[in-house]
Each structure stands twice: as C-alpha cells, then as structure tokens.
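Student: Dropping in coords_3.tsv, with TSV, N, CA, C and O atoms and all ligand atoms.
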```
chain	number	residue	atom	x	y	z
P	21	MET	N	-6.41	82.79	142.38
P	21	MET	CA	-6.62	83.03	140.95
P	21	MET	C	-5.28	83.28	140.25
P	21	MET	O	-4.55	84.19	140.60
P	22	SER	N	-4.96	82.45	139.31
P	22	SER	CA	-3.72	82.66	138.58
P	22	SER	C	-4.03	83.25	137.22
P	22	SER	O	-5.02	82.89	136.58
P	23	ARG	N	-3.19	84.17	136.82
P	23	ARG	CA	-3.36	84.82	135.53
P	23	ARG	C	-3.10	83.80	134.43
P	23	ARG	O	-2.19	82.99	134.57
P	24	PRO	N	-3.87	83.84	133.35
P	24	PRO	CA	-3.60	82.89	132.26
P	24	PRO	C	-2.21	83.11	131.69
P	24	PRO	O	-1.79	84.25	131.48
P	25	ARG	N	-1.51	82.02	131.48
P	25	ARG	CA	-0.15	82.08	130.99
P	25	ARG	C	-0.16	82.30	129.49
P	25	ARG	O	-0.87	81.62	128.77
P	26	VAL	N	0.61	83.26	129.04
P	26	VAL	CA	0.72	83.47	127.59
P	26	VAL	C	1.82	82.56	127.07
P	26	VAL	O	2.95	82.62	127.52
P	27	ILE	N	1.45	81.69	126.15
P	27	ILE	CA	2.41	80.76	125.58
P	27	ILE	C	2.71	81.17	124.15
P	27	ILE	O	1.79	81.46	123.39
P	28	ARG	N	3.98	81.22	123.83
P	28	ARG	CA	4.36	81.52	122.45
P	28	ARG	C	5.11	80.35	121.85
P	28	ARG	O	5.88	79.68	122.51
P	29	CYS	N	4.85	80.14	120.56
P	29	CYS	CA	5.50	79.05	119.85
P	29	CYS	C	6.96	79.40	119.59
P	29	CYS	O	7.27	80.48	119.09
P	30	ALA	N	7.86	78.47	119.95
P	30	ALA	CA	9.29	78.70	119.76
P	30	ALA	C	9.68	78.62	118.29
P	30	ALA	O	10.76	79.06	117.92
P	31	ALA	N	8.81	78.08	117.46
P	31	ALA	CA	9.12	77.95	116.04
P	31	ALA	C	8.70	79.19	115.26
P	31	ALA	O	9.48	79.74	114.50
P	32	CYS	N	7.47	79.65	115.45
P	32	CYS	CA	6.96	80.75	114.62
P	32	CYS	C	6.67	82.01	115.43
P	32	CYS	O	6.26	83.01	114.87
P	33	ALA	N	6.89	81.96	116.75
P	33	ALA	CA	6.68	83.11	117.64
P	33	ALA	C	5.22	83.52	117.77
P	33	ALA	O	4.90	84.53	118.37
P	34	GLY	N	4.34	82.72	117.20
P	34	GLY	CA	2.92	83.00	117.33
P	34	GLY	C	2.39	82.56	118.68
P	34	GLY	O	3.00	81.75	119.36
P	35	ARG	N	1.28	83.14	119.08
P	35	ARG	CA	0.70	82.80	120.36
P	35	ARG	C	-0.03	81.45	120.28
P	35	ARG	O	-0.67	81.15	119.29
P	36	ILE	N	0.10	80.67	121.33
P	36	ILE	CA	-0.60	79.39	121.41
P	36	ILE	C	-1.71	79.52	122.44
P	36	ILE	O	-1.45	79.89	123.58
P	37	LYS	N	-2.91	79.24	122.04
P	37	LYS	CA	-4.02	79.27	122.99
P	37	LYS	C	-3.93	78.01	123.85
P	37	LYS	O	-3.83	76.90	123.31
P	38	PRO	N	-3.96	78.18	125.17
P	38	PRO	CA	-3.75	77.03	126.07
P	38	PRO	C	-4.73	75.89	125.86
P	38	PRO	O	-4.41	74.74	126.15
P	39	HIS	N	-5.92	76.19	125.35
P	39	HIS	CA	-6.90	75.12	125.15
P	39	HIS	C	-6.76	74.48	123.78
P	39	HIS	O	-7.50	73.57	123.44
P	40	HIS	N	-5.80	74.96	122.98
P	40	HIS	CA	-5.52	74.33	121.70
P	40	HIS	C	-4.39	73.32	121.88
P	40	HIS	O	-3.56	73.49	122.76
P	41	PRO	N	-4.36	72.29	121.04
P	41	PRO	CA	-3.29	71.30	121.19
P	41	PRO	C	-1.93	71.93	120.92
P	41	PRO	O	-1.78	72.72	120.00
P	42	HIS	N	-0.96	71.60	121.76
P	42	HIS	CA	0.40	72.08	121.53
P	42	HIS	C	1.40	71.13	122.18
P	42	HIS	O	1.03	70.24	122.94
P	43	ILE	N	2.66	71.36	121.86
P	43	ILE	CA	3.73	70.50	122.36
P	43	ILE	C	4.60	71.30	123.31
P	43	ILE	O	4.92	72.45	123.05
P	44	GLY	N	4.97	70.68	124.41
P	44	GLY	CA	5.90	71.31	125.34
P	44	GLY	C	7.16	70.47	125.43
P	44	GLY	O	7.09	69.25	125.55
P	45	VAL	N	8.31	71.13	125.33
P	45	VAL	CA	9.59	70.45	125.51
P	45	VAL	C	10.23	71.05	126.76
P	45	VAL	O	10.65	72.19	126.76
P	46	GLU	N	10.26	70.23	127.81
P	46	GLU	CA	10.71	70.74	129.10
P	46	GLU	C	12.17	70.40	129.35
P	46	GLU	O	12.58	69.24	129.26
P	47	ASP	N	12.95	71.42	129.65
P	47	ASP	CA	14.35	71.23	130.03
P	47	ASP	C	14.34	70.76	131.49
P	47	ASP	O	13.96	71.50	132.39
P	48	LEU	N	14.74	69.53	131.71
P	48	LEU	CA	14.64	68.95	133.05
P	48	LEU	C	15.64	69.55	134.03
P	48	LEU	O	15.50	69.41	135.24
P	49	GLU	N	16.65	70.25	133.52
P	49	GLU	CA	17.61	70.91	134.42
P	49	GLU	C	17.06	72.22	134.95
P	49	GLU	O	17.19	72.53	136.12
P	50	THR	N	16.48	73.01	134.07
P	50	THR	CA	16.04	74.36	134.44
P	50	THR	C	14.54	74.46	134.68
P	50	THR	O	14.07	75.43	135.26
P	51	GLY	N	13.79	73.47	134.19
P	51	GLY	CA	12.34	73.52	134.32
P	51	GLY	C	11.70	74.42	133.28
P	51	GLY	O	10.50	74.58	133.24
P	52	LYS	N	12.54	75.04	132.43
P	52	LYS	CA	12.02	75.90	131.37
P	52	LYS	C	11.39	75.04	130.28
P	52	LYS	O	11.91	73.98	129.96
P	53	GLU	N	10.28	75.53	129.76
P	53	GLU	CA	9.59	74.73	128.75
P	53	GLU	C	9.43	75.50	127.45
P	53	GLU	O	8.99	76.64	127.44
P	54	PHE	N	9.83	74.86	126.36
P	54	PHE	CA	9.63	75.42	125.03
P	54	PHE	C	8.31	74.89	124.50
P	54	PHE	O	8.05	73.69	124.61
P	55	SER	N	7.51	75.77	123.93
P	55	SER	CA	6.20	75.35	123.42
P	55	SER	C	6.15	75.49	121.90
P	55	SER	O	6.77	76.38	121.33
P	56	TYR	N	5.41	74.59	121.30
P	56	TYR	CA	5.26	74.60	119.84
P	56	TYR	C	3.82	74.31	119.48
P	56	TYR	O	3.16	73.52	120.16
P	57	HIS	N	3.38	74.90	118.35
P	57	HIS	CA	2.07	74.57	117.83
P	57	HIS	C	2.04	73.09	117.41
P	57	HIS	O	3.07	72.52	117.08
P	58	ALA	N	0.84	72.54	117.36
P	58	ALA	CA	0.69	71.14	116.93
P	58	ALA	C	0.74	71.02	115.42
P	58	ALA	O	0.81	69.92	114.90
P	59	ARG	N	0.73	72.14	114.70
P	59	ARG	CA	0.71	72.03	113.23
P	59	ARG	C	2.05	71.53	112.70
P	59	ARG	O	3.10	71.74	113.31
P	60	PRO	N	2.00	70.83	111.54
P	60	PRO	CA	3.17	70.09	111.05
P	60	PRO	C	4.45	70.90	110.93
P	60	PRO	O	5.51	70.42	111.31
P	61	ASP	N	4.39	72.16	110.43
P	61	ASP	CA	5.65	72.88	110.26
P	61	ASP	C	6.29	73.24	111.60
P	61	ASP	O	7.51	73.21	111.74
P	62	CYS	N	5.47	73.56	112.59
P	62	CYS	CA	6.02	73.87	113.91
P	62	CYS	C	6.50	72.59	114.60
P	62	CYS	O	7.51	72.61	115.31
P	63	GLN	N	5.80	71.49	114.38
P	63	GLN	CA	6.24	70.20	114.94
P	63	GLN	C	7.59	69.79	114.37
P	63	GLN	O	8.45	69.26	115.07
P	64	LYS	N	7.76	70.05	113.07
P	64	LYS	CA	9.00	69.70	112.40
P	64	LYS	C	10.15	70.51	113.01
P	64	LYS	O	11.20	69.98	113.35
P	65	ARG	N	9.91	71.80	113.19
P	65	ARG	CA	10.90	72.68	113.79
P	65	ARG	C	11.21	72.21	115.21
P	65	ARG	O	12.36	72.21	115.65
P	66	CYS	N	10.18	71.80	115.93
P	66	CYS	CA	10.33	71.30	117.28
P	66	CYS	C	11.26	70.09	117.30
P	66	CYS	O	12.19	70.00	118.12
P	67	ALA	N	11.03	69.16	116.37
P	67	ALA	CA	11.84	67.94	116.31
P	67	ALA	C	13.30	68.28	116.01
P	67	ALA	O	14.21	67.72	116.61
P	68	GLU	N	13.50	69.22	115.09
P	68	GLU	CA	14.87	69.62	114.72
P	68	GLU	C	15.58	70.30	115.87
P	68	GLU	O	16.73	69.98	116.20
P	69	GLU	N	14.89	71.25	116.51
P	69	GLU	CA	15.52	72.00	117.60
P	69	GLU	C	15.79	71.10	118.80
P	69	GLU	O	16.81	71.22	119.47
P	70	THR	N	14.86	70.18	119.07
P	70	THR	CA	15.05	69.27	120.19
P	70	THR	C	16.23	68.34	119.93
P	70	THR	O	17.03	68.08	120.84
P	71	ALA	N	16.37	67.89	118.69
P	71	ALA	CA	17.50	67.02	118.33
P	71	ALA	C	18.81	67.75	118.55
P	71	ALA	O	19.78	67.20	119.08
P	72	THR	N	18.85	69.02	118.16
P	72	THR	CA	20.05	69.84	118.33
P	72	THR	C	20.39	70.00	119.81
P	72	THR	O	21.54	69.87	120.22
P	73	ARG	N	19.37	70.25	120.62
P	73	ARG	CA	19.60	70.44	122.05
P	73	ARG	C	20.02	69.13	122.72
P	73	ARG	O	20.85	69.12	123.63
P	74	LEU	N	19.46	68.02	122.25
P	74	LEU	CA	19.84	66.72	122.81
P	74	LEU	C	21.31	66.42	122.51
P	74	LEU	O	22.02	65.87	123.35
P	75	GLU	N	21.75	66.84	121.32
P	75	GLU	CA	23.15	66.63	120.95
P	75	GLU	C	24.06	67.43	121.86
P	75	GLU	O	25.20	67.06	122.10
P	76	ALA	N	23.55	68.54	122.37
P	76	ALA	CA	24.34	69.37	123.28
P	76	ALA	C	24.33	68.81	124.70
P	76	ALA	O	24.85	69.43	125.63
P	77	GLY	N	23.72	67.65	124.89
P	77	GLY	CA	23.76	66.98	126.18
P	77	GLY	C	22.63	67.35	127.13
P	77	GLY	O	22.66	67.03	128.31
P	78	LYS	N	21.63	68.05	126.62
P	78	LYS	CA	20.50	68.43	127.45
P	78	LYS	C	19.53	67.26	127.63
P	78	LYS	O	19.49	66.35	126.82
P	79	VAL	N	18.77	67.32	128.71
P	79	VAL	CA	17.78	66.28	128.95
P	79	VAL	C	16.40	66.92	128.94
P	79	VAL	O	16.14	67.89	129.63
P	80	TYR	N	15.53	66.33	128.12
P	80	TYR	CA	14.21	66.92	127.94
P	80	TYR	C	13.09	65.93	128.18
P	80	TYR	O	13.27	64.72	127.99
P	81	ALA	N	11.96	66.46	128.56
P	81	ALA	CA	10.73	65.68	128.62
P	81	ALA	C	9.75	66.31	127.64
P	81	ALA	O	9.59	67.52	127.62
P	82	MET	N	9.15	65.48	126.83
P	82	MET	CA	8.17	65.98	125.87
P	82	MET	C	6.77	65.88	126.48
P	82	MET	O	6.41	64.86	127.06
P	83	HIS	N	6.02	66.95	126.33
P	83	HIS	CA	4.63	66.93	126.78
P	83	HIS	C	3.74	67.23	125.59
P	83	HIS	O	4.00	68.18	124.86
P	84	HIS	N	2.72	66.44	125.43
P	84	HIS	CA	1.75	66.71	124.38
P	84	HIS	C	0.45	67.15	125.01
P	84	HIS	O	-0.23	66.37	125.66
P	85	TYR	N	0.16	68.43	124.85
P	85	TYR	CA	-1.05	68.98	125.44
P	85	TYR	C	-2.17	68.91	124.42
P	85	TYR	O	-2.08	69.52	123.35
P	86	HIS	N	-3.19	68.19	124.76
P	86	HIS	CA	-4.31	68.05	123.82
P	86	HIS	C	-5.31	69.17	124.01
P	86	HIS	O	-5.34	69.84	125.04
P	87	SER	N	-6.11	69.34	122.99
P	87	SER	CA	-7.18	70.34	123.02
P	87	SER	C	-8.10	70.10	124.21
P	87	SER	O	-8.31	68.96	124.62
P	88	SER	N	-8.63	71.17	124.76
P	88	SER	CA	-9.53	71.03	125.90
P	88	SER	C	-10.81	70.30	125.51
P	88	SER	O	-11.54	69.80	126.35
P	89	THR	N	-11.06	70.21	124.20
P	89	THR	CA	-12.26	69.52	123.73
P	89	THR	C	-11.96	68.09	123.28
P	89	THR	O	-12.84	67.39	122.80
P	90	CYS	N	-10.70	67.65	123.44
P	90	CYS	CA	-10.33	66.30	123.02
P	90	CYS	C	-11.11	65.28	123.84
P	90	CYS	O	-11.10	65.31	125.06
P	91	PRO	N	-11.82	64.37	123.15
P	91	PRO	CA	-12.70	63.43	123.86
P	91	PRO	C	-11.98	62.25	124.51
P	91	PRO	O	-12.57	61.55	125.31
P	92	ASP	N	-10.71	62.03	124.17
P	92	ASP	CA	-10.01	60.89	124.74
P	92	ASP	C	-9.59	61.15	126.18
P	92	ASP	O	-9.05	62.21	126.50
P	93	ALA	N	-9.81	60.17	127.05
P	93	ALA	CA	-9.43	60.31	128.45
P	93	ALA	C	-7.91	60.27	128.61
P	93	ALA	O	-7.33	61.01	129.40
P	94	ALA	N	-7.28	59.37	127.88
P	94	ALA	CA	-5.82	59.27	127.90
P	94	ALA	C	-5.31	59.37	126.47
P	94	ALA	O	-4.93	58.39	125.86
P	95	PRO	N	-5.36	60.59	125.92
P	95	PRO	CA	-5.08	60.76	124.49
P	95	PRO	C	-3.62	60.57	124.13
P	95	PRO	O	-2.72	60.85	124.90
P	96	GLY	N	-3.41	60.09	122.92
P	96	GLY	CA	-2.08	59.96	122.36
P	96	GLY	C	-2.14	60.36	120.91
P	96	GLY	O	-3.09	61.02	120.49
P	97	PHE	N	-1.16	59.94	120.12
P	97	PHE	CA	-1.23	60.21	118.69
P	97	PHE	C	-2.43	59.47	118.11
P	97	PHE	O	-2.74	58.36	118.52
P	98	GLY	N	-3.08	60.12	117.16
P	98	GLY	CA	-4.25	59.51	116.57
P	98	GLY	C	-5.44	59.54	117.50
P	98	GLY	O	-6.34	58.71	117.42
P	99	CYS	N	-5.46	60.48	118.43
P	99	CYS	CA	-6.57	60.60	119.37
P	99	CYS	C	-7.84	60.98	118.62
P	99	CYS	O	-7.79	61.47	117.50
P	100	ALA	N	-8.95	60.77	119.28
P	100	ALA	CA	-10.24	61.05	118.65
P	100	ALA	C	-10.41	62.54	118.34
P	100	ALA	O	-11.20	62.92	117.49
P	101	GLY	N	-9.67	63.39	119.05
P	101	GLY	CA	-9.78	64.82	118.82
P	101	GLY	C	-8.95	65.29	117.63
P	101	GLY	O	-9.06	66.43	117.20
P	102	GLY	N	-8.08	64.41	117.12
P	102	GLY	CA	-7.24	64.78	115.98
P	102	GLY	C	-6.26	65.91	116.29
P	102	GLY	O	-5.94	66.72	115.43
P	103	CYS	N	-5.79	65.97	117.53
P	103	CYS	CA	-4.91	67.07	117.96
P	103	CYS	C	-3.56	67.03	117.25
P	103	CYS	O	-3.02	68.06	116.86
P	104	PHE	N	-3.00	65.86	117.12
P	104	PHE	CA	-1.69	65.72	116.50
P	104	PHE	C	-1.79	64.76	115.32
P	104	PHE	O	-1.65	63.56	115.46
P	105	ASP	N	-2.09	65.35	114.16
P	105	ASP	CA	-2.32	64.54	112.97
P	105	ASP	C	-1.06	63.87	112.46
P	105	ASP	O	-1.09	62.77	111.96
P	106	THR	N	0.05	64.57	112.59
P	106	THR	CA	1.29	64.08	112.02
P	106	THR	C	2.20	63.59	113.13
P	106	THR	O	2.82	64.38	113.81
P	107	PRO	N	2.27	62.29	113.32
P	107	PRO	CA	3.17	61.78	114.36
P	107	PRO	C	4.59	62.15	114.03
P	107	PRO	O	5.02	62.08	112.89
P	108	MET	N	5.33	62.59	115.03
P	108	MET	CA	6.72	62.93	114.73
P	108	MET	C	7.66	61.98	115.46
P	108	MET	O	7.35	61.47	116.53
P	109	ALA	N	8.76	61.75	114.85
P	109	ALA	CA	9.77	60.88	115.44
P	109	ALA	C	10.48	61.63	116.55
P	109	ALA	O	10.98	62.73	116.34
P	110	VAL	N	10.49	61.06	117.72
P	110	VAL	CA	11.13	61.71	118.85
P	110	VAL	C	12.26	60.82	119.36
P	110	VAL	O	12.07	59.64	119.64
P	111	ALA	N	13.42	61.39	119.43
P	111	ALA	CA	14.57	60.66	119.98
P	111	ALA	C	14.55	60.77	121.49
P	111	ALA	O	14.51	61.85	122.03
P	112	ASN	N	14.54	59.66	122.15
P	112	ASN	CA	14.52	59.69	123.62
P	112	ASN	C	15.89	59.37	124.17
P	112	ASN	O	16.41	58.32	123.99
P	201	ZN	ZN	4.09	77.80	115.71
P	202	ZN	ZN	-6.32	64.91	121.50
```
Kindly return the structure encoded in the file as structure tokens.

Tutor:
Amino acid sequence: MSRPRVIRCAACAGRIKPHHPHIGVEDLETGKEFSYHARPDCQKRCAEETATRLEAGKVYAMHHYHSSTCPDAAPGFGCAGGCFDTPMAVAN
C-alpha cells in the first residue's frame, strides 16, 4: 500500500488532485517532476518556466496526465474528456 502522493502546482502552489488532469515536466537528469494544473494560466506558466529551464540546458520530458474519468484510451489534446482545452506550444 503506497500513500497517496500530494502533488502541488509549481505555478500557483495549489494542490493537484491526482485524478484531475495535470501536466508533469520531468527533469530527465534528476527524475524530479514539476507538476502544473491543466488550467490555462498554470499551463502558460508551465510553458514559460519550461522554456527557461530548457535554455539552461536541461532535458525534460512532458507528461500529460488525463482525468481518471477521461474516456479516451489513448488521450491527447482535444480528448473526449476535455482535460486540456488549450493546447500549448511545447519546444522539444
Ligand atoms: Zn496551478
Ligand atoms: Zn483526457
């Protein structure tokens, strides 16, 4: 039995419920993951902060965690669950 992980948004410091849609930005060097709410203002902050970190030479993997109720088997942007309404530009 693992204790539920408390996730906090790196943009607004609010708590993210694991079954709600959210974004994870994983630092591939350290394995540390920054989490953000799926809502547009937190997504925007996520894009800005990730761009800044990428400029510093970091390598990241983006994870999009969909809602536990999302009906799509392989969900992406524009999924049937509407988890991520605002597609954001991600520099890879
Ligand atoms: Zn947030
Ligand atoms: Zn979804």

Student: Please write out the residues within 5 Å of ligand ZN 202 (chain P) as a list of chain:residue names, counting only N, CA, C and O atoms and all ligand atoms.

Tutor: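 If we count only N, CA, C and O atoms and all ligand atoms, the neighbours of ligand ZN 202 (chain P) turn out to be P:His86, P:Ser87, P:Cys90, P:Cys99, P:Gly101, P:Gly102, P:Cys103.
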
Student: From the list P:His40, P:Arg73, P:His83, P:His57, which residue is nearest ligand ZN 201 (chain P) when using all atoms listed in the file?

Tutor: P:His57

Student: Neighbouring residues of ligand ZN 201 (chain P) are defined here as those with any atom at most 7 Å from a ligand atom, counting only N, CA, C and O atoms and all ligand atoms; list them as number ranges by chain.

Tutor: P: 28-35, 55-59, 61-63

Student: Quick one: of P:Leu48, P:Val26, P:Ala93, P:Ile43, who's nearest to Tyr80 in chain P, counting all atoms listed in the file?

Tutor: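 Using all atoms listed in the file, Tyr80 in chain P sits closest to P:Leu48.
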
Student: Go through range 58-104 of chain P and collect every residue that DSSP, computed from the backbone, puts in alpha helix (DSSP H); the answer should be as a ChimeraX atom specification.

Tutor: /P:60-75

Student: Atom C of His39 in chain P to atom O of Ala71 in chain P: how many Å, to one decimal?

Tutor: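 These atoms are spaced 27.9 Å apart.
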
Student: How many Å separate CA of Ile36 in chain P from atom N of Pro60 in chain P?

Tutor: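 Straight-line distance from CA of Ile36 in chain P to atom N of Pro60 in chain P works out to 13.3 Å.
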
Student: Provide the CA of His42 in chain P to CA of His84 in chain P distance in Å, to one decimal place.

Tutor: 6.2 Å

Student: Which polymer residues have any atom within 8 Å of an atom of Glu49 in chain P, counting all atoms listed in the file, with same-chain residues fewer than 5 positions away left out, as number ranges by chain?

Tutor: P: 78-81

Student: List every residue of range 27-96 of chain P that DSSP, applied to the backbone of this structure, assigns to strand (DSSP E), and report them as a count of residues only.

Tutor: 21

Student: With only C-alpha atoms as the basis for distance, which of P:Leu74, P:Met82, P:Arg25, P:Lys37 is at the shortest distance from Glu53 in chain P?

Tutor: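 Looking only at the distances to Glu53 in chain P, the closest residue turns out to be P:Met82.
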
Student: Let me make sure I understand: among P:Ala94, P:Thr50, P:Ile27, P:Val45, which one has the smallest atom-to-atom distance to Thr70 in chain P if we use all atoms listed in the file?

Tutor: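 When distances to Thr70 in chain P are compared using all atoms listed in the file, the smallest one comes from P:Val45.
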
Student: Would you mind putting back all heavy atoms on range 74-85 of chain P, then writing it out as a PDB file, in the coordinates of the input?

Tutor:
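The result, written out as out25.pdb:
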```
ATOM      1  N   LEU P  74      19.460  68.020 122.250  1.00  0.00           N
ATOM      2  CA  LEU P  74      19.840  66.720 122.810  1.00  0.00           C
ATOM      3  C   LEU P  74      21.310  66.420 122.510  1.00  0.00           C
ATOM      4  O   LEU P  74      22.020  65.870 123.350  1.00  0.00           O
ATOM      5  CB  LEU P  74      18.945  65.614 122.238  1.00  0.00           C
ATOM      6  CG  LEU P  74      17.511  65.569 122.767  1.00  0.00           C
ATOM      7  CD1 LEU P  74      16.674  64.605 121.954  1.00  0.00           C
ATOM      8  CD2 LEU P  74      17.467  65.176 124.232  1.00  0.00           C
ATOM      9  N   GLU P  75      21.750  66.840 121.320  1.00  0.00           N
ATOM     10  CA  GLU P  75      23.150  66.630 120.950  1.00  0.00           C
ATOM     11  C   GLU P  75      24.060  67.430 121.860  1.00  0.00           C
ATOM     12  O   GLU P  75      25.200  67.060 122.100  1.00  0.00           O
ATOM     13  CB  GLU P  75      23.377  67.056 119.488  1.00  0.00           C
ATOM     14  CG  GLU P  75      22.993  65.967 118.501  1.00  0.00           C
ATOM     15  CD  GLU P  75      23.027  66.459 117.057  1.00  0.00           C
ATOM     16  OE1 GLU P  75      23.760  67.419 116.770  1.00  0.00           O
ATOM     17  OE2 GLU P  75      22.314  65.872 116.232  1.00  0.00           O
ATOM     18  N   ALA P  76      23.550  68.540 122.370  1.00  0.00           N
ATOM     19  CA  ALA P  76      24.340  69.370 123.280  1.00  0.00           C
ATOM     20  C   ALA P  76      24.330  68.810 124.700  1.00  0.00           C
ATOM     21  O   ALA P  76      24.850  69.430 125.630  1.00  0.00           O
ATOM     22  CB  ALA P  76      23.796  70.804 123.268  1.00  0.00           C
ATOM     23  N   GLY P  77      23.720  67.650 124.890  1.00  0.00           N
ATOM     24  CA  GLY P  77      23.760  66.980 126.180  1.00  0.00           C
ATOM     25  C   GLY P  77      22.630  67.350 127.130  1.00  0.00           C
ATOM     26  O   GLY P  77      22.660  67.030 128.310  1.00  0.00           O
ATOM     27  N   LYS P  78      21.630  68.050 126.620  1.00  0.00           N
ATOM     28  CA  LYS P  78      20.500  68.430 127.450  1.00  0.00           C
ATOM     29  C   LYS P  78      19.530  67.260 127.630  1.00  0.00           C
ATOM     30  O   LYS P  78      19.490  66.350 126.820  1.00  0.00           O
ATOM     31  CB  LYS P  78      19.743  69.597 126.802  1.00  0.00           C
ATOM     32  CG  LYS P  78      20.572  70.863 126.689  1.00  0.00           C
ATOM     33  CD  LYS P  78      20.467  71.674 127.946  1.00  0.00           C
ATOM     34  CE  LYS P  78      21.072  73.056 127.778  1.00  0.00           C
ATOM     35  NZ  LYS P  78      20.987  73.826 129.033  1.00  0.00           N
ATOM     36  N   VAL P  79      18.770  67.320 128.710  1.00  0.00           N
ATOM     37  CA  VAL P  79      17.780  66.280 128.950  1.00  0.00           C
ATOM     38  C   VAL P  79      16.400  66.920 128.940  1.00  0.00           C
ATOM     39  O   VAL P  79      16.140  67.890 129.630  1.00  0.00           O
ATOM     40  CB  VAL P  79      18.012  65.589 130.321  1.00  0.00           C
ATOM     41  CG1 VAL P  79      17.076  64.394 130.477  1.00  0.00           C
ATOM     42  CG2 VAL P  79      19.450  65.143 130.452  1.00  0.00           C
ATOM     43  N   TYR P  80      15.530  66.330 128.120  1.00  0.00           N
ATOM     44  CA  TYR P  80      14.210  66.920 127.940  1.00  0.00           C
ATOM     45  C   TYR P  80      13.090  65.930 128.180  1.00  0.00           C
ATOM     46  O   TYR P  80      13.270  64.720 127.990  1.00  0.00           O
ATOM     47  CB  TYR P  80      14.057  67.494 126.524  1.00  0.00           C
ATOM     48  CG  TYR P  80      14.859  68.748 126.339  1.00  0.00           C
ATOM     49  CD1 TYR P  80      16.118  68.703 125.776  1.00  0.00           C
ATOM     50  CD2 TYR P  80      14.356  69.961 126.773  1.00  0.00           C
ATOM     51  CE1 TYR P  80      16.871  69.849 125.637  1.00  0.00           C
ATOM     52  CE2 TYR P  80      15.095  71.107 126.648  1.00  0.00           C
ATOM     53  CZ  TYR P  80      16.350  71.049 126.074  1.00  0.00           C
ATOM     54  OH  TYR P  80      17.097  72.173 125.949  1.00  0.00           O
ATOM     55  N   ALA P  81      11.960  66.460 128.560  1.00  0.00           N
ATOM     56  CA  ALA P  81      10.730  65.680 128.620  1.00  0.00           C
ATOM     57  C   ALA P  81       9.750  66.310 127.640  1.00  0.00           C
ATOM     58  O   ALA P  81       9.590  67.520 127.620  1.00  0.00           O
ATOM     59  CB  ALA P  81      10.151  65.692 130.022  1.00  0.00           C
ATOM     60  N   MET P  82       9.150  65.480 126.830  1.00  0.00           N
ATOM     61  CA  MET P  82       8.170  65.980 125.870  1.00  0.00           C
ATOM     62  C   MET P  82       6.770  65.880 126.480  1.00  0.00           C
ATOM     63  O   MET P  82       6.410  64.860 127.060  1.00  0.00           O
ATOM     64  CB  MET P  82       8.175  65.118 124.597  1.00  0.00           C
ATOM     65  CG  MET P  82       9.497  65.069 123.871  1.00  0.00           C
ATOM     66  SD  MET P  82       9.797  66.564 122.921  1.00  0.00           S
ATOM     67  CE  MET P  82       8.483  66.447 121.709  1.00  0.00           C
ATOM     68  N   HIS P  83       6.020  66.950 126.330  1.00  0.00           N
ATOM     69  CA  HIS P  83       4.630  66.930 126.780  1.00  0.00           C
ATOM     70  C   HIS P  83       3.740  67.230 125.590  1.00  0.00           C
ATOM     71  O   HIS P  83       4.000  68.180 124.860  1.00  0.00           O
ATOM     72  CB  HIS P  83       4.396  67.991 127.858  1.00  0.00           C
ATOM     73  CG  HIS P  83       5.296  67.850 129.045  1.00  0.00           C
ATOM     74  ND1 HIS P  83       5.162  66.836 129.962  1.00  0.00           N
ATOM     75  CD2 HIS P  83       6.359  68.582 129.443  1.00  0.00           C
ATOM     76  CE1 HIS P  83       6.099  66.973 130.896  1.00  0.00           C
ATOM     77  NE2 HIS P  83       6.848  68.002 130.603  1.00  0.00           N
ATOM     78  N   HIS P  84       2.720  66.440 125.430  1.00  0.00           N
ATOM     79  CA  HIS P  84       1.750  66.710 124.380  1.00  0.00           C
ATOM     80  C   HIS P  84       0.450  67.150 125.010  1.00  0.00           C
ATOM     81  O   HIS P  84      -0.230  66.370 125.660  1.00  0.00           O
ATOM     82  CB  HIS P  84       1.534  65.472 123.494  1.00  0.00           C
ATOM     83  CG  HIS P  84       2.727  65.168 122.639  1.00  0.00           C
ATOM     84  ND1 HIS P  84       3.785  64.428 123.091  1.00  0.00           N
ATOM     85  CD2 HIS P  84       3.027  65.543 121.371  1.00  0.00           C
ATOM     86  CE1 HIS P  84       4.698  64.352 122.123  1.00  0.00           C
ATOM     87  NE2 HIS P  84       4.270  65.012 121.081  1.00  0.00           N
ATOM     88  N   TYR P  85       0.160  68.430 124.850  1.00  0.00           N
ATOM     89  CA  TYR P  85      -1.050  68.980 125.440  1.00  0.00           C
ATOM     90  C   TYR P  85      -2.170  68.910 124.420  1.00  0.00           C
ATOM     91  O   TYR P  85      -2.080  69.520 123.350  1.00  0.00           O
ATOM     92  CB  TYR P  85      -0.817  70.433 125.860  1.00  0.00           C
ATOM     93  CG  TYR P  85       0.279  70.584 126.878  1.00  0.00           C
ATOM     94  CD1 TYR P  85       1.534  71.034 126.500  1.00  0.00           C
ATOM     95  CD2 TYR P  85       0.051  70.267 128.215  1.00  0.00           C
ATOM     96  CE1 TYR P  85       2.547  71.170 127.430  1.00  0.00           C
ATOM     97  CE2 TYR P  85       1.055  70.401 129.151  1.00  0.00           C
ATOM     98  CZ  TYR P  85       2.307  70.855 128.759  1.00  0.00           C
ATOM     99  OH  TYR P  85       3.307  70.985 129.666  1.00  0.00           O
TER     100      TYR P  85
END
```
